[in-house]
Amino acid sequence: MVASLLDGKSCSADVEAALVGRINNCIDAGIRPHLAVVIVGNDPASHVYVGAKIRACQRLGIKSTHIELSEETSELELRKIISDLNDDENVHGILIQSPLPEHMNEESLTDMIDPSKDVDGFHPVNLGRLVQSRDDCLIPCTPNGVMRLLEWAGIETKGKTALVIGRSRNVGMPQAILLASKGADATVTIGHSRTQDMESQCLGADIIVAAVGRPNMVKKSWIKPGAVVVDVGINRVDDDKSERGYVLVGDVEKSAEEVASWITPVPGGVGPMTVAMLMENTVVAAEQKI
Ligand code: NAP
């Protein structure tokens with residue numbers, strides 16, 4: 001068996017196309033959706049991600065403000081910037097690119113963002129609403145993108161066993177909640193660094209979502225034949241033969257495609273979906289102002 005591709009590029013293009021009319025409606029009502037992206041420091045991967053987000057805004061006619069701060073920026077200075085963005089009624093979405101430098105408390109800074117502008121969906125108000133299955137929350141982009149991709153491909157989650165590997169607040173935990181929530185109706189197991197015998201957990205799963213950050217951790221031999229594999233991981237691995245000196249690989253061995261029924265490519269799977277869902281959250285936030 002060779003798995004079908006869960007093509008995040010095509011799906012994200014469809015998500016973006018569906019946003020165009022909504023963005024025009026906002027603009028007709030005098031509100032141009034506006035995303036502010038703040039990045040602190042020189043992490044190369046973070047700059048690549050921010051670039052992709054800004055380019056998506058440009059494609060769609062969403063206004064973007066890109067605030068780049070040096071590694072030495074104090075937490076107090078960043079707090080002032082967030083506070084100003086909260087007060088600016090022309091800004092609808094605020095994103096603080098993770099990771100922040102070690103001298104900053106990422107969680108308390110996220111807590112400062114006005115929940116109605118929290119387009120990353122990490123604020124406790126939004127995560128709390130997600131747990132309550134309320135529809136008035138901004139949902140974290142990556143797990144929401146995974147759900148949209150599964151739906152787009154016509155993959156049934158109802159009654160299926162799903163294993164989410166990773167329990168971060170931005171990916172693993174909300175992913176497990178979304179898969180288990182009414183409507184998706186999967187039976188979910190959460191794996192993490194203390195899980196015993198991950199191989200058996202994987203072999204029992206109809207759907208695996210790997211969000212770990214360890215290159216090729218999930219082996220081909222761990223995949224139940226016909227399972228759906230969503231690889232969230234993006235890992236830079238040194239490669240002298242590559243022009244950039246590195247290649248991007250996922251958390252799942254590529255050869256898993258020989259066993260799975262569906263699999264996301266890395267790159268080109270979950271990454272584009274994350275960006276598309278960020279655009280959608282920004283539009284949702286702007287629509288609240290009409
Ligand atoms: P994170 O905050 O570092 O969380 C990683 C999770 O993996 C933790 O829950 C950790 O368990 C678990 N883990 C670590 N080692 C493990 C092991 N040996 N076995 C089982 N579980 C293990 O990372 P994240 O932010 O969730 O991101 C995960 C990956 O997804 C990264 O590669 C990241 O770059 C990628 N990512 C991709 C996108 C995208 O758009 N494609 C978006 C976000 C993130 P503990 O809780 O026990 O420590």
# chains A, B, ... in the order shown; residues from 1 in each chain; ligands from 1

$ residues_around --residues "region 247-264 of chain A" --least-positions-apart "2" --cutoff "9 Å" --atoms "only C-alpha atoms" --output "ChimeraX atom specification"
/A:1-8,155,210-239,242,244-245,266-270

$ residues_around --residues "Gly159 (chain A)" --least-positions-apart "6" --cutoff "8 Å" --atoms "only C-alpha atoms" --output "ChimeraX atom specification"
/A:185-187

$ residues_around --residues "Gly41 (chain A)" --least-positions-apart "2" --cutoff "8 Å" --atoms "only C-alpha atoms" --output "number ranges by chain"
A: 39, 43, 68-72, 100-101

$ residues_around --residues "Pro124 (chain A)" --least-positions-apart "3" --cutoff "9 Å" --atoms "only C-alpha atoms" --output "PDB file with all heavy atoms, in the first residue's frame"
ATOM      1  N   THR A 110       1.393  35.724  27.007  1.00  0.00           N
ATOM      2  CA  THR A 110       0.200  35.293  26.253  1.00  0.00           C
ATOM      3  C   THR A 110      -1.058  35.687  27.027  1.00  0.00           C
ATOM      4  O   THR A 110      -2.057  36.111  26.438  1.00  0.00           O
ATOM      5  CB  THR A 110       0.192  33.755  26.068  1.00  0.00           C
ATOM      6  OG1 THR A 110       1.452  33.347  25.577  1.00  0.00           O
ATOM      7  CG2 THR A 110      -0.904  33.317  25.122  1.00  0.00           C
ATOM      8  N   ASP A 111      -1.000  35.540  28.334  1.00  0.00           N
ATOM      9  CA  ASP A 111      -2.164  35.867  29.172  1.00  0.00           C
ATOM     10  C   ASP A 111      -2.567  37.336  29.046  1.00  0.00           C
ATOM     11  O   ASP A 111      -3.703  37.699  29.323  1.00  0.00           O
ATOM     12  CB  ASP A 111      -1.861  35.587  30.653  1.00  0.00           C
ATOM     13  CG  ASP A 111      -1.848  34.106  30.963  1.00  0.00           C
ATOM     14  OD1 ASP A 111      -2.077  33.305  30.032  1.00  0.00           O
ATOM     15  OD2 ASP A 111      -1.592  33.745  32.130  1.00  0.00           O
ATOM     16  N   PRO A 115      -8.252  38.395  24.803  1.00  0.00           N
ATOM     17  CA  PRO A 115      -8.704  37.117  24.237  1.00  0.00           C
ATOM     18  C   PRO A 115      -9.401  37.260  22.880  1.00  0.00           C
ATOM     19  O   PRO A 115      -9.304  36.369  22.040  1.00  0.00           O
ATOM     20  CB  PRO A 115      -9.692  36.590  25.285  1.00  0.00           C
ATOM     21  CG  PRO A 115      -9.271  37.238  26.557  1.00  0.00           C
ATOM     22  CD  PRO A 115      -8.701  38.580  26.192  1.00  0.00           C
ATOM     23  N   GLY A 121      -4.916  31.462  19.808  1.00  0.00           N
ATOM     24  CA  GLY A 121      -5.829  30.639  20.602  1.00  0.00           C
ATOM     25  C   GLY A 121      -5.215  30.058  21.862  1.00  0.00           C
ATOM     26  O   GLY A 121      -5.708  29.073  22.401  1.00  0.00           O
ATOM     27  N   LEU A 127      -8.724  28.704  25.461  1.00  0.00           N
ATOM     28  CA  LEU A 127      -8.551  27.263  25.707  1.00  0.00           C
ATOM     29  C   LEU A 127      -9.663  26.737  26.613  1.00  0.00           C
ATOM     30  O   LEU A 127     -10.143  25.622  26.431  1.00  0.00           O
ATOM     31  CB  LEU A 127      -7.166  26.999  26.319  1.00  0.00           C
ATOM     32  CG  LEU A 127      -5.985  27.159  25.350  1.00  0.00           C
ATOM     33  CD1 LEU A 127      -4.649  27.032  26.079  1.00  0.00           C
ATOM     34  CD2 LEU A 127      -6.046  26.132  24.223  1.00  0.00           C
ATOM     35  N   GLY A 128     -10.099  27.559  27.569  1.00  0.00           N
ATOM     36  CA  GLY A 128     -11.205  27.156  28.455  1.00  0.00           C
ATOM     37  C   GLY A 128     -12.500  26.973  27.677  1.00  0.00           C
ATOM     38  O   GLY A 128     -13.233  25.996  27.874  1.00  0.00           O
ATOM     39  N   ARG A 129     -12.763  27.906  26.770  1.00  0.00           N
ATOM     40  CA  ARG A 129     -13.972  27.787  25.940  1.00  0.00           C
ATOM     41  C   ARG A 129     -13.901  26.554  25.042  1.00  0.00           C
ATOM     42  O   ARG A 129     -14.912  25.907  24.783  1.00  0.00           O
ATOM     43  CB  ARG A 129     -14.160  29.050  25.101  1.00  0.00           C
ATOM     44  CG  ARG A 129     -14.595  30.244  25.937  1.00  0.00           C
ATOM     45  CD  ARG A 129     -14.682  31.493  25.089  1.00  0.00           C
ATOM     46  NE  ARG A 129     -15.083  32.636  25.908  1.00  0.00           N
ATOM     47  CZ  ARG A 129     -14.983  33.901  25.522  1.00  0.00           C
ATOM     48  NH1 ARG A 129     -14.504  34.197  24.330  1.00  0.00           N
ATOM     49  NH2 ARG A 129     -15.363  34.869  26.316  1.00  0.00           N
TER      50      ARG A 129
END

$ residues_around --residues "region 83-87 of chain A" --least-positions-apart "3" --cutoff "8 Å" --atoms "only C-alpha atoms" --output "list in words"
Ala36, Arg79, Lys80, Val91, Ile94, Met112, Ile113, Asp114 and Lys117 of chain A

$ closest_residue --among "A:Leu109, A:Leu138, A:Val164, A:Val188" --to "ligand 1" --atoms "only C-alpha atoms and all ligand atoms"
A:Val164

$ closest_residue --among "A:Ser133, A:Thr189, A:Ser116, A:Thr195" --to "Thr161 (chain A)" --atoms "only C-alpha atoms"
A:Thr189

$ closest_residue --among "A:Asn90, A:Thr142, A:Thr282, A:Ser200" --to "ligand 1" --atoms "only C-alpha atoms and all ligand atoms"
A:Thr142

$ residues_around --residues "Ala162 (chain A)" --least-positions-apart "3" --cutoff "9 Å" --atoms "only C-alpha atoms" --output "MDAnalysis selection string"
chainID A and resid 157 176 179:180 186:190 202 204:209

$ write_last_selection --atoms "all heavy atoms" --output "tab-separated table (two decimals), in the first residue's frame"
chain	number	residue	atom	x	y	z
A	157	THR	N	-13.53	10.44	11.53
A	157	THR	CA	-12.87	10.28	12.84
A	157	THR	C	-13.81	9.62	13.85
A	157	THR	O	-13.36	9.08	14.86
A	157	THR	CB	-12.42	11.66	13.40
A	157	THR	OG1	-13.53	12.55	13.38
A	157	THR	CG2	-11.29	12.24	12.57
A	176	ALA	N	-6.01	16.82	21.07
A	176	ALA	CA	-6.74	15.72	21.70
A	176	ALA	C	-8.18	16.15	22.00
A	176	ALA	O	-9.13	15.37	21.77
A	176	ALA	CB	-6.02	15.30	22.98
A	179	LEU	N	-10.20	16.24	18.70
A	179	LEU	CA	-10.52	14.90	18.17
A	179	LEU	C	-11.60	14.21	19.00
A	179	LEU	O	-12.43	13.47	18.48
A	179	LEU	CB	-9.25	14.04	18.13
A	179	LEU	CG	-8.31	14.31	16.96
A	179	LEU	CD1	-6.92	13.73	17.23
A	179	LEU	CD2	-8.87	13.71	15.65
A	180	ALA	N	-11.58	14.50	20.33
A	180	ALA	CA	-12.55	13.83	21.21
A	180	ALA	C	-13.88	14.57	21.28
A	180	ALA	O	-14.87	14.03	21.78
A	180	ALA	CB	-11.96	13.71	22.62
A	186	ALA	N	-13.78	10.94	18.11
A	186	ALA	CA	-12.75	9.89	18.19
A	186	ALA	C	-12.54	9.50	19.65
A	186	ALA	O	-12.88	10.26	20.57
A	186	ALA	CB	-11.44	10.39	17.58
A	187	THR	N	-11.99	8.33	19.85
A	187	THR	CA	-11.59	7.89	21.20
A	187	THR	C	-10.09	8.12	21.29
A	187	THR	O	-9.32	7.50	20.55
A	187	THR	CB	-11.94	6.41	21.40
A	187	THR	OG1	-13.35	6.28	21.18
A	187	THR	CG2	-11.58	5.93	22.79
A	188	VAL	N	-9.71	9.04	22.18
A	188	VAL	CA	-8.36	9.61	22.09
A	188	VAL	C	-7.44	9.16	23.23
A	188	VAL	O	-7.84	9.15	24.40
A	188	VAL	CB	-8.44	11.16	22.10
A	188	VAL	CG1	-7.04	11.77	21.99
A	188	VAL	CG2	-9.33	11.65	20.95
A	189	THR	N	-6.22	8.83	22.88
A	189	THR	CA	-5.15	8.59	23.85
A	189	THR	C	-4.09	9.67	23.64
A	189	THR	O	-3.82	10.04	22.49
A	189	THR	CB	-4.50	7.21	23.59
A	189	THR	OG1	-5.51	6.21	23.70
A	189	THR	CG2	-3.39	6.92	24.59
A	190	ILE	N	-3.56	10.18	24.74
A	190	ILE	CA	-2.48	11.18	24.63
A	190	ILE	C	-1.17	10.53	25.06
A	190	ILE	O	-1.07	10.02	26.18
A	190	ILE	CB	-2.77	12.41	25.53
A	190	ILE	CG1	-4.11	13.05	25.15
A	190	ILE	CG2	-1.62	13.43	25.41
A	190	ILE	CD1	-4.52	14.19	26.06
A	202	CYS	N	0.91	3.12	19.30
A	202	CYS	CA	0.78	3.47	17.89
A	202	CYS	C	0.06	2.35	17.12
A	202	CYS	O	-0.84	2.62	16.32
A	202	CYS	CB	2.15	3.71	17.26
A	202	CYS	SG	2.90	5.27	17.74
A	204	GLY	N	-2.09	0.41	18.00
A	204	GLY	CA	-3.52	0.32	18.30
A	204	GLY	C	-4.33	1.47	17.72
A	204	GLY	O	-5.56	1.51	17.86
A	205	ALA	N	-3.68	2.41	17.05
A	205	ALA	CA	-4.38	3.64	16.65
A	205	ALA	C	-4.79	3.64	15.18
A	205	ALA	O	-4.00	3.32	14.30
A	205	ALA	CB	-3.47	4.85	16.92
A	206	ASP	N	-6.05	4.06	14.95
A	206	ASP	CA	-6.51	4.26	13.56
A	206	ASP	C	-5.97	5.56	13.00
A	206	ASP	O	-5.79	5.71	11.80
A	206	ASP	CB	-8.05	4.34	13.52
A	206	ASP	CG	-8.71	3.09	14.07
A	206	ASP	OD1	-8.23	1.99	13.76
A	206	ASP	OD2	-9.71	3.22	14.83
A	207	ILE	N	-5.78	6.54	13.92
A	207	ILE	CA	-5.26	7.85	13.51
A	207	ILE	C	-4.12	8.21	14.46
A	207	ILE	O	-4.29	8.11	15.68
A	207	ILE	CB	-6.37	8.93	13.62
A	207	ILE	CG1	-7.56	8.58	12.72
A	207	ILE	CG2	-5.82	10.33	13.30
A	207	ILE	CD1	-8.80	9.42	12.98
A	208	ILE	N	-2.99	8.60	13.91
A	208	ILE	CA	-1.87	9.07	14.74
A	208	ILE	C	-1.59	10.52	14.38
A	208	ILE	O	-1.45	10.85	13.20
A	208	ILE	CB	-0.60	8.23	14.49
A	208	ILE	CG1	-0.81	6.79	14.92
A	208	ILE	CG2	0.60	8.83	15.23
A	208	ILE	CD1	0.35	5.85	14.58
A	209	VAL	N	-1.54	11.37	15.40
A	209	VAL	CA	-1.07	12.74	15.20
A	209	VAL	C	0.21	12.88	16.01
A	209	VAL	O	0.18	12.80	17.24
A	209	VAL	CB	-2.11	13.79	15.65
A	209	VAL	CG1	-1.57	15.21	15.39
A	209	VAL	CG2	-3.44	13.60	14.94

$ select_by_dssp --residues "region 2-237 of chain A" --states "alpha helix (DSSP H)" --output "PyMOL selection string"
chain A and resi 8-28+44-60+75-87+106-112+124-131+141-152+172-180+198-203

$ atom_distance --atom1 "atom 29 (C, counted along the ligand's line) of ligand 1" --atom2 "CA of Glu107 (chain A)"
18.0 Å

$ atom_distance --atom1 "CA of Ile139 (chain A)" --atom2 "CA of Leu60 (chain A)"
20.3 Å

$ select_by_dssp --residues "region 35-280 of chain A" --states "strand (DSSP E)" --output "PyMOL selection string"
chain A and resi 35-40+63-69+93-96+161-165+187-191+207-210+228-231+235-238+246-249+262-263

$ closest_residue --among "A:Pro44, A:Met104, A:Ala52, A:Gln175" --to "Arg148 (chain A)" --atoms "only C-alpha atoms"
A:Gln175
